[in-house]
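K.L.:
Once you've had a glance at the structure underneath, I'll fire off some questions.
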Amino acid sequence: MESPKLIAGLTRMVRDVGLAEDLAQDALVIALERWPESSIPNNPGAWLMTTAKRRAIDLLRRNKVGGRKYEELARHTSLYTEADIDGAIDGEIGDDLLRLIFLTCHPVLSPEAHVALTLRLLCGLTTDEIARSYLVAEATIAQRIVRAKRTLNAKGVPFEMPEGEALKERLSAVLEVIYLMFNEGYSATSGAHWIRPILCQEALRLGRVLAEITQDEPEVHGLVALMEIQSSRLKTRVGADGEPILLKDQNRSLWDRLLIRRGLAALERCRRFGRPPGPYALQAAIAACHAEAASVAETNWVRIAALYEALSRISYSPIVELNRAVAVSMAFGPAFGLQIVDALHNEPSLYGYHLLPSVRGDLLMKLERYEEALVEFERAAGMTRNERERALLIDRVTECEQKVKPSRE
């Protein structure tokens, strides 16, 4: 939880992302050694930051990085105390985190490299998890991350917020990073939890800050609108024991109306520019359709299907098409949705994507083709790496088995 903030603050000090990550890990090791004896401090983030900064200064001493540089660092770097840490964490460190995103999205890095590096630093995903998400070898992701760190260090990329054209040049990459960060929080790739609210909250905070900096960029407001509206449902996406609750089963009266209003306001700001909607604005419009409907039955599925079609035209991806298939099935019937899903059967990028058989199984079940649905749900359960989602899919397998048994008898 504290890792991104630690790495961001330390990068500003040592000007080396790789070194900052090592220092943050060293602080965590020290905490694991001391906290069992001294108990966890009232503000763990403050303790970790103070410890990491001391390690940074010790490292500079050992490496003899010039007396003047060390003196300058000591003059301008005050160690945090319990009394003042709250303001520092919420203010300076937060800004550092946004700077870190702009740093990792520098044009000297390829899109593949900055995405891998950011998911590692900000989302805390392992190289294995990132590799599985992008269906490439773990060694490939590891090499991308190592090379990205070396490139940033070798090129001496400044740890600062770019301005003017330089900011616009990196903006689309930064938006992608914040979007990926939010998505990982909204639906975790792996692990014991279906959602990671801290990641969603941090992505939303960064989006809000970015919207203040770049008020004339409609897609920034579109992304903020999307995250605000999606965040309104977070508390209803899991039950008391952490089990997933699907959209159709959520108690909509518990959706956060304040976040929905904020999201709709951000979407309206986006529309005021009068430009054709971009991918984030279109996704926000889809989320708004759900937010404004009192139930699944009252949702304007025809409009959602049309919005997905527009999204597919300007930003095609197999995953967008899969989502469009769900919307089409709700608007016009499962048979039409199944046609779209079946057209994706040979899409290489979806070979290991568990939601393809999951969606197909759901559509087959609605068509009462239970034996085929059973096979798809079993495939999906075997593919997913999230424990909660696997349990949900196994429940669907059991449901299909109960439907199949009477027909066989």
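We name chains A, B, ... following the order of the structure tokens; residues begin at 1 in each chain, and ligands are numbered from 1 as shown.
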Could you pull out the strand (DSSP E or B) residues of stretch 141-321 of chain A, going by DSSP on the backbone, and write them as number ranges by chain?
P.N.:
A: 190-191, 238, 244
K.L.:
I'd like the contact shell of stretch 319-331 of chain A - 6 Å cut-off, only C-alpha atoms, skipping same-chain residues fewer than 2 positions apart - returned as an MDAnalysis selection string.
P.N.:
chainID A and resid 301:302 305 308 317 333:334 336:337 340
K.L.:
Keeping N, CA, C and O atoms, export the residues of the selection given above as a PDB file, in the first residue's frame.
P.N.:
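What landed in result.pdb:
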ATOM      1  N   TRP A 301     -29.926  -0.734 -22.614  1.00  0.00           N
ATOM      2  CA  TRP A 301     -28.917  -1.609 -23.211  1.00  0.00           C
ATOM      3  C   TRP A 301     -28.679  -1.305 -24.685  1.00  0.00           C
ATOM      4  O   TRP A 301     -27.585  -1.523 -25.199  1.00  0.00           O
ATOM      5  N   VAL A 302     -29.691  -0.811 -25.360  1.00  0.00           N
ATOM      6  CA  VAL A 302     -29.512  -0.453 -26.771  1.00  0.00           C
ATOM      7  C   VAL A 302     -28.489   0.675 -26.897  1.00  0.00           C
ATOM      8  O   VAL A 302     -27.611   0.644 -27.768  1.00  0.00           O
ATOM      9  N   ALA A 305     -25.002  -0.707 -26.138  1.00  0.00           N
ATOM     10  CA  ALA A 305     -24.478  -1.458 -27.285  1.00  0.00           C
ATOM     11  C   ALA A 305     -23.961  -0.500 -28.361  1.00  0.00           C
ATOM     12  O   ALA A 305     -22.906  -0.736 -28.972  1.00  0.00           O
ATOM     13  N   TYR A 308     -20.655   0.996 -27.224  1.00  0.00           N
ATOM     14  CA  TYR A 308     -19.559   0.036 -27.400  1.00  0.00           C
ATOM     15  C   TYR A 308     -19.156  -0.071 -28.866  1.00  0.00           C
ATOM     16  O   TYR A 308     -17.973  -0.232 -29.190  1.00  0.00           O
ATOM     17  N   SER A 317     -10.422  -3.233 -29.751  1.00  0.00           N
ATOM     18  CA  SER A 317      -9.674  -4.283 -29.064  1.00  0.00           C
ATOM     19  C   SER A 317     -10.608  -5.460 -28.885  1.00  0.00           C
ATOM     20  O   SER A 317     -11.835  -5.283 -28.805  1.00  0.00           O
ATOM     21  N   GLY A 333     -30.829 -10.068 -27.351  1.00  0.00           N
ATOM     22  CA  GLY A 333     -30.928 -11.498 -27.107  1.00  0.00           C
ATOM     23  C   GLY A 333     -29.580 -12.183 -27.120  1.00  0.00           C
ATOM     24  O   GLY A 333     -28.656 -11.759 -27.824  1.00  0.00           O
ATOM     25  N   PRO A 334     -29.430 -13.279 -26.328  1.00  0.00           N
ATOM     26  CA  PRO A 334     -28.130 -13.959 -26.200  1.00  0.00           C
ATOM     27  C   PRO A 334     -27.599 -14.544 -27.499  1.00  0.00           C
ATOM     28  O   PRO A 334     -26.388 -14.656 -27.667  1.00  0.00           O
ATOM     29  N   PHE A 336     -27.565 -13.239 -30.463  1.00  0.00           N
ATOM     30  CA  PHE A 336     -26.803 -12.220 -31.194  1.00  0.00           C
ATOM     31  C   PHE A 336     -25.463 -11.939 -30.507  1.00  0.00           C
ATOM     32  O   PHE A 336     -24.444 -11.728 -31.167  1.00  0.00           O
ATOM     33  N   GLY A 337     -25.470 -11.950 -29.181  1.00  0.00           N
ATOM     34  CA  GLY A 337     -24.215 -11.766 -28.451  1.00  0.00           C
ATOM     35  C   GLY A 337     -23.256 -12.903 -28.691  1.00  0.00           C
ATOM     36  O   GLY A 337     -22.042 -12.713 -28.835  1.00  0.00           O
ATOM     37  N   ILE A 340     -21.056 -12.642 -31.803  1.00  0.00           N
ATOM     38  CA  ILE A 340     -19.880 -11.772 -31.642  1.00  0.00           C
ATOM     39  C   ILE A 340     -18.791 -12.512 -30.886  1.00  0.00           C
ATOM     40  O   ILE A 340     -17.605 -12.457 -31.248  1.00  0.00           O
TER      41      ILE A 340
END
K.L.:
Could you state the separation of atom CA of A:Ile178 and atom CA of A:Asp22 in Å, given to one decimal place?
P.N.:
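These atoms are spaced 23.4 Å apart.
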K.L.:
At a cut-off of 12 Å, using only C-alpha atoms, what residues contact A:Glu389? Leave out same-chain residues fewer than 2 positions from it and give the result as a PyMOL selection string.
P.N.:
chain A and resi 187-195+237-238+242-246+354-355+358+377+380-387+391-396
K.L.:
Near stretch 49-53 of chain A, within 8 Å and counting only C-alpha atoms, which residues show up once chain neighbours fewer than 2 positions away are dropped, as a PyMOL selection string?
P.N.:
chain A and resi 6+10+23-24+26-27+45-47+55-57+79-81
K.L.:
Find the residues around stretch 106-118 of chain A up to 9 Å (only C-alpha atoms counted), leave out those fewer than 6 positions away in its own chain, and share them as JSON, numbers by chain.
P.N.:
{"A": [100, 124, 127, 130, 131, 141, 142, 144, 145, 146, 147, 148, 149, 151, 152, 155, 157, 169, 170, 173, 176, 177, 180, 181]}
